[in-house]
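This report refers to the structure that appears directly beneath it.
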Amino acid sequence: QVQLVESGGGLVQPGGSLRLSCAASRNIFSVYTMAWHRQTPGKEREWVATITPGGVTNYADFVKGRFIISRDASQNTLYLQMNKLEPEDTSVYFCNARRLTWSYWGQGTQVTVSS
């Protein structure tokens with residue numbers, strides 16, 4: 001069992017930055033693929049970024065060049081650095097840990113981009 005707790009969301013102006021954190025209950029980064037997803041009311045949850053156990057990162061086209069996924073194994077924490085935020089990035093952001101048939105989700109953190 002893995003518990004994930006997101007934090008760092010909030011209200012930010014367009015063009016601003018936020019860093020989201022996802023604290024894992026134990027050291028899993030060497031075996032779990034970690035990802036960020038987001039979901040807006042009335043829409044399906046969409047994938048944002050992934051980092052594999054080997055450190056390979058991938059991003060959805062709509063965040064490429066603006067968001068950076070990273071992790072700190074010593075802190076059991078996953079991050080999402082979000083830059084040049086746009087109103088369309090307003091959503092609840094979730095972190096996910098996935099390995100084989102196991103998949104764990106955090107409770108989400110709200111990000112609102114508005115002037």
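How things are named: the first chain in the structure tokens is A, the next is B, and so on; residues count from 1 in each chain; ligands count from 1 in the order shown.
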**Study point:** 7 Å contact set for region 6-16 of chain A, only C-alpha atoms, chain neighbours under 2 positions out, as a list in words
**Key:**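 Using only C-alpha atoms, the neighbours found are Leu4, Arg19, Leu20, Ser21, Cys22, Ala23, Asn83, Lys84, Leu85, Glu86, Pro87, Cys95, Gly106, Gln107, Gly108, Thr109, Gln110, Val111, Thr112, Val113, Ser114 and Ser115 of chain A.
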Taking the DSSP assignment computed from this structure's backbone, write out as an mmCIF file with N, CA and C atoms, in the first residue's frame all residues of chain A that belong to strand (DSSP E or B).
data_model
loop_
_atom_site.group_PDB
_atom_site.id
_atom_site.type_symbol
_atom_site.label_atom_id
_atom_site.label_comp_id
_atom_site.auth_asym_id
_atom_site.auth_seq_id
_atom_site.Cartn_x
_atom_site.Cartn_y
_atom_site.Cartn_z
ATOM 1 N N LEU A 4 -0.263 8.750 -0.940
ATOM 2 C CA LEU A 4 0.273 9.919 -1.634
ATOM 3 C C LEU A 4 -0.477 11.158 -1.162
ATOM 4 N N VAL A 5 0.253 12.204 -0.834
ATOM 5 C CA VAL A 5 -0.374 13.439 -0.359
ATOM 6 C C VAL A 5 0.178 14.612 -1.154
ATOM 7 N N GLU A 6 -0.699 15.271 -1.919
ATOM 8 C CA GLU A 6 -0.298 16.429 -2.711
ATOM 9 C C GLU A 6 -0.418 17.704 -1.885
ATOM 10 N N SER A 7 0.375 18.682 -2.252
ATOM 11 C CA SER A 7 0.301 20.009 -1.644
ATOM 12 C C SER A 7 0.893 21.022 -2.615
ATOM 13 N N GLY A 10 -2.901 26.428 -5.245
ATOM 14 C CA GLY A 10 -3.350 27.738 -4.791
ATOM 15 C C GLY A 10 -3.787 28.599 -5.944
ATOM 16 N N LEU A 11 -3.913 29.901 -5.664
ATOM 17 C CA LEU A 11 -4.318 30.877 -6.661
ATOM 18 C C LEU A 11 -3.092 31.609 -7.178
ATOM 19 N N VAL A 12 -2.955 31.694 -8.481
ATOM 20 C CA VAL A 12 -1.814 32.372 -9.088
ATOM 21 C C VAL A 12 -2.298 33.141 -10.311
ATOM 22 N N LEU A 18 3.978 27.939 -9.899
ATOM 23 C CA LEU A 18 3.682 27.192 -8.682
ATOM 24 C C LEU A 18 4.490 25.915 -8.714
ATOM 25 N N ARG A 19 4.814 25.409 -7.536
ATOM 26 C CA ARG A 19 5.435 24.086 -7.455
ATOM 27 C C ARG A 19 4.560 23.186 -6.599
ATOM 28 N N LEU A 20 4.094 22.109 -7.213
ATOM 29 C CA LEU A 20 3.315 21.113 -6.493
ATOM 30 C C LEU A 20 4.242 20.041 -5.934
ATOM 31 N N SER A 21 3.848 19.507 -4.793
ATOM 32 C CA SER A 21 4.590 18.412 -4.172
ATOM 33 C C SER A 21 3.660 17.230 -3.948
ATOM 34 N N CYS A 22 4.229 16.042 -3.981
ATOM 35 C CA CYS A 22 3.483 14.814 -3.693
ATOM 36 C C CYS A 22 4.373 13.955 -2.806
ATOM 37 N N ALA A 23 3.985 13.847 -1.540
ATOM 38 C CA ALA A 23 4.764 13.070 -0.583
ATOM 39 C C ALA A 23 4.267 11.633 -0.564
ATOM 40 N N ALA A 24 5.181 10.709 -0.791
ATOM 41 C CA ALA A 24 4.848 9.282 -0.751
ATOM 42 C C ALA A 24 5.150 8.721 0.634
ATOM 43 N N THR A 33 6.505 4.025 -11.552
ATOM 44 C CA THR A 33 6.399 5.158 -12.454
ATOM 45 C C THR A 33 5.480 6.184 -11.803
ATOM 46 N N MET A 34 5.965 7.405 -11.713
ATOM 47 C CA MET A 34 5.213 8.472 -11.067
ATOM 48 C C MET A 34 4.683 9.438 -12.122
ATOM 49 N N ALA A 35 3.502 9.958 -11.869
ATOM 50 C CA ALA A 35 2.893 10.846 -12.851
ATOM 51 C C ALA A 35 2.032 11.896 -12.171
ATOM 52 N N TRP A 36 1.823 12.969 -12.902
ATOM 53 C CA TRP A 36 0.846 13.989 -12.535
ATOM 54 C C TRP A 36 -0.277 13.946 -13.570
ATOM 55 N N HIS A 37 -1.489 14.063 -13.069
ATOM 56 C CA HIS A 37 -2.679 14.177 -13.900
ATOM 57 C C HIS A 37 -3.475 15.373 -13.391
ATOM 58 N N ARG A 38 -4.455 15.787 -14.181
ATOM 59 C CA ARG A 38 -5.323 16.852 -13.707
ATOM 60 C C ARG A 38 -6.747 16.614 -14.172
ATOM 61 N N GLN A 39 -7.681 17.186 -13.447
ATOM 62 C CA GLN A 39 -9.088 17.027 -13.795
ATOM 63 C C GLN A 39 -9.864 18.287 -13.473
ATOM 64 N N GLU A 46 -6.945 14.045 -17.188
ATOM 65 C CA GLU A 46 -5.969 13.993 -18.270
ATOM 66 C C GLU A 46 -4.559 13.924 -17.714
ATOM 67 N N TRP A 47 -3.737 13.214 -18.431
ATOM 68 C CA TRP A 47 -2.345 13.031 -18.050
ATOM 69 C C TRP A 47 -1.553 14.290 -18.333
ATOM 70 N N VAL A 48 -0.633 14.627 -17.430
ATOM 71 C CA VAL A 48 0.181 15.830 -17.565
ATOM 72 C C VAL A 48 1.655 15.487 -17.797
ATOM 73 N N ALA A 49 2.228 14.641 -16.930
ATOM 74 C CA ALA A 49 3.658 14.342 -17.033
ATOM 75 C C ALA A 49 3.961 13.054 -16.294
ATOM 76 N N THR A 50 5.061 12.416 -16.704
ATOM 77 C CA THR A 50 5.486 11.141 -16.127
ATOM 78 C C THR A 50 6.994 11.148 -15.916
ATOM 79 N N ILE A 51 7.423 10.466 -14.855
ATOM 80 C CA ILE A 51 8.842 10.172 -14.670
ATOM 81 C C ILE A 51 8.965 8.695 -14.305
ATOM 82 N N THR A 57 11.583 11.313 -18.476
ATOM 83 C CA THR A 57 10.400 12.155 -18.324
ATOM 84 C C THR A 57 9.663 12.313 -19.641
ATOM 85 N N ASN A 58 8.362 12.465 -19.534
ATOM 86 C CA ASN A 58 7.514 12.738 -20.690
ATOM 87 C C ASN A 58 6.438 13.719 -20.283
ATOM 88 N N TYR A 59 6.017 14.533 -21.257
ATOM 89 C CA TYR A 59 5.051 15.582 -20.968
ATOM 90 C C TYR A 59 3.946 15.605 -22.018
ATOM 91 N N PHE A 67 6.180 23.059 -17.827
ATOM 92 C CA PHE A 67 6.146 22.271 -16.593
ATOM 93 C C PHE A 67 7.364 21.347 -16.553
ATOM 94 N N ILE A 68 7.832 21.083 -15.329
ATOM 95 C CA ILE A 68 8.941 20.153 -15.124
ATOM 96 C C ILE A 68 8.585 19.195 -13.996
ATOM 97 N N ILE A 69 8.663 17.894 -14.294
ATOM 98 C CA ILE A 69 8.439 16.874 -13.264
ATOM 99 C C ILE A 69 9.792 16.431 -12.735
ATOM 100 N N SER A 70 9.874 16.261 -11.427
ATOM 101 C CA SER A 70 11.121 15.816 -10.817
ATOM 102 C C SER A 70 10.792 15.076 -9.520
ATOM 103 N N ARG A 71 11.816 14.527 -8.908
ATOM 104 C CA ARG A 71 11.595 13.790 -7.660
ATOM 105 C C ARG A 71 12.840 13.888 -6.792
ATOM 106 N N ASP A 72 12.622 13.727 -5.493
ATOM 107 C CA ASP A 72 13.712 13.700 -4.522
ATOM 108 C C ASP A 72 13.536 12.420 -3.715
ATOM 109 N N THR A 77 9.549 12.452 -2.282
ATOM 110 C CA THR A 77 8.651 13.495 -2.769
ATOM 111 C C THR A 77 8.794 13.698 -4.267
ATOM 112 N N LEU A 78 7.652 13.776 -4.908
ATOM 113 C CA LEU A 78 7.548 14.073 -6.336
ATOM 114 C C LEU A 78 7.148 15.534 -6.478
ATOM 115 N N TYR A 79 7.662 16.192 -7.515
ATOM 116 C CA TYR A 79 7.359 17.604 -7.725
ATOM 117 C C TYR A 79 6.820 17.849 -9.128
ATOM 118 N N LEU A 80 6.089 18.942 -9.243
ATOM 119 C CA LEU A 80 5.717 19.458 -10.560
ATOM 120 C C LEU A 80 5.907 20.969 -10.510
ATOM 121 N N GLN A 81 6.962 21.418 -11.168
ATOM 122 C CA GLN A 81 7.214 22.854 -11.294
ATOM 123 C C GLN A 81 6.402 23.368 -12.469
ATOM 124 N N MET A 82 5.515 24.304 -12.210
ATOM 125 C CA MET A 82 4.633 24.817 -13.251
ATOM 126 C C MET A 82 4.957 26.293 -13.485
ATOM 127 N N SER A 91 -7.241 23.599 -12.529
ATOM 128 C CA SER A 91 -7.676 22.213 -12.414
ATOM 129 C C SER A 91 -7.304 21.684 -11.037
ATOM 130 N N VAL A 92 -7.769 20.489 -10.727
ATOM 131 C CA VAL A 92 -7.272 19.746 -9.575
ATOM 132 C C VAL A 92 -6.175 18.818 -10.080
ATOM 133 N N TYR A 93 -5.019 18.896 -9.458
ATOM 134 C CA TYR A 93 -3.866 18.112 -9.883
ATOM 135 C C TYR A 93 -3.672 16.935 -8.916
ATOM 136 N N PHE A 94 -3.493 15.759 -9.528
ATOM 137 C CA PHE A 94 -3.340 14.523 -8.774
ATOM 138 C C PHE A 94 -2.000 13.880 -9.096
ATOM 139 N N CYS A 95 -1.365 13.283 -8.108
ATOM 140 C CA CYS A 95 -0.205 12.467 -8.419
ATOM 141 C C CYS A 95 -0.612 10.996 -8.390
ATOM 142 N N ASN A 96 0.133 10.212 -9.142
ATOM 143 C CA ASN A 96 -0.166 8.793 -9.315
ATOM 144 C C ASN A 96 1.121 7.997 -9.265
ATOM 145 N N ALA A 97 1.040 6.848 -8.601
ATOM 146 C CA ALA A 97 2.144 5.892 -8.578
ATOM 147 C C ALA A 97 1.642 4.604 -9.212
ATOM 148 N N ARG A 98 2.402 4.114 -10.192
ATOM 149 C CA ARG A 98 1.931 2.944 -10.935
ATOM 150 C C ARG A 98 3.058 1.934 -11.099
ATOM 151 N N ARG A 99 2.707 0.671 -10.861
ATOM 152 C CA ARG A 99 3.642 -0.431 -11.082
ATOM 153 C C ARG A 99 2.844 -1.689 -11.321
ATOM 154 N N TRP A 102 -0.640 -2.361 -9.898
ATOM 155 C CA TRP A 102 -0.920 -1.451 -8.793
ATOM 156 C C TRP A 102 -0.940 -0.003 -9.270
ATOM 157 N N SER A 103 -1.914 0.751 -8.774
ATOM 158 C CA SER A 103 -2.015 2.167 -9.100
ATOM 159 C C SER A 103 -2.593 2.888 -7.892
ATOM 160 N N TYR A 104 -1.888 3.925 -7.440
ATOM 161 C CA TYR A 104 -2.310 4.685 -6.262
ATOM 162 C C TYR A 104 -2.434 6.158 -6.638
ATOM 163 N N TRP A 105 -3.440 6.795 -6.017
ATOM 164 C CA TRP A 105 -3.701 8.202 -6.292
ATOM 165 C C TRP A 105 -3.710 8.994 -4.989
ATOM 166 N N THR A 109 -4.814 18.453 -5.418
ATOM 167 C CA THR A 109 -4.610 19.818 -4.932
ATOM 168 C C THR A 109 -5.102 20.784 -6.005
ATOM 169 N N GLN A 110 -5.850 21.792 -5.589
ATOM 170 C CA GLN A 110 -6.481 22.721 -6.528
ATOM 171 C C GLN A 110 -5.494 23.796 -6.974
ATOM 172 N N VAL A 111 -5.426 23.986 -8.267
ATOM 173 C CA VAL A 111 -4.655 25.091 -8.850
ATOM 174 C C VAL A 111 -5.623 25.982 -9.612
ATOM 175 N N THR A 112 -5.614 27.259 -9.283
ATOM 176 C CA THR A 112 -6.473 28.225 -9.959
ATOM 177 C C THR A 112 -5.614 29.337 -10.531
ATOM 178 N N VAL A 113 -5.733 29.541 -11.836
ATOM 179 C CA VAL A 113 -4.969 30.585 -12.519
ATOM 180 C C VAL A 113 -5.952 31.663 -12.955
#
Exercise for review: Would you work out the distance separating CA of Gly55 (chain A) from CA of Ile28 (chain A), expressed in Å to one decimal?
Suggested key: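 Computed distance, CA of Gly55 (chain A) to CA of Ile28 (chain A), equals 12.8 Å.
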